[in-house]
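Some notes on the structure that comes next.
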Amino acid sequence: MASLCKKYQKANATVESMNSAVDDLTKSIGNSHWISEWKKLEEIARTKRGEALMIYNVSYIPGMLSSL
């Protein structure tokens with residue numbers, strides 16, 4: 001039971017941290033279309049996992065522009 005409580009506390013802290021990051025991102029971008037698209041992709045990533053989580057990988061490819 002103690003292990004489960006520790007896992008819950010860690011998961012809860014992670015969720016709070018992620019929510020804070022989403023709020024900060026929302027405030028810094030200021031483009032409502034980008035924000036709504038990102039939220040859709042984030043929801044898909046949370047449910048599908050796997051390849052859908054690639055939205056969190058930050059990479060630079062010369063000459064490539066984001067579709068957002």
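FYI, nothing fancy with the structure tokens labels: chains A, B, ... in order, residues from 1 per chain, ligands from 1 as they appear.
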
Inset, instruction - Please report, as a VMD selection string, each residue of chain A to which DSSP assigns helix (DSSP H, G or I) when run on this structure's backbone. - result: chain A and resid 2 to 29 32 to 48 50 to 56

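The neighbours of Lys39 of chain A here are the residues that come within 12 Å of it, using only C-alpha atoms and leaving out any residue fewer than 6 positions away in the same chain; they are Asn19, Val22, Asp23, Leu25, Thr26, Ser32, His33, Ala45, Arg46, Ile55 and Leu68 of chain A.
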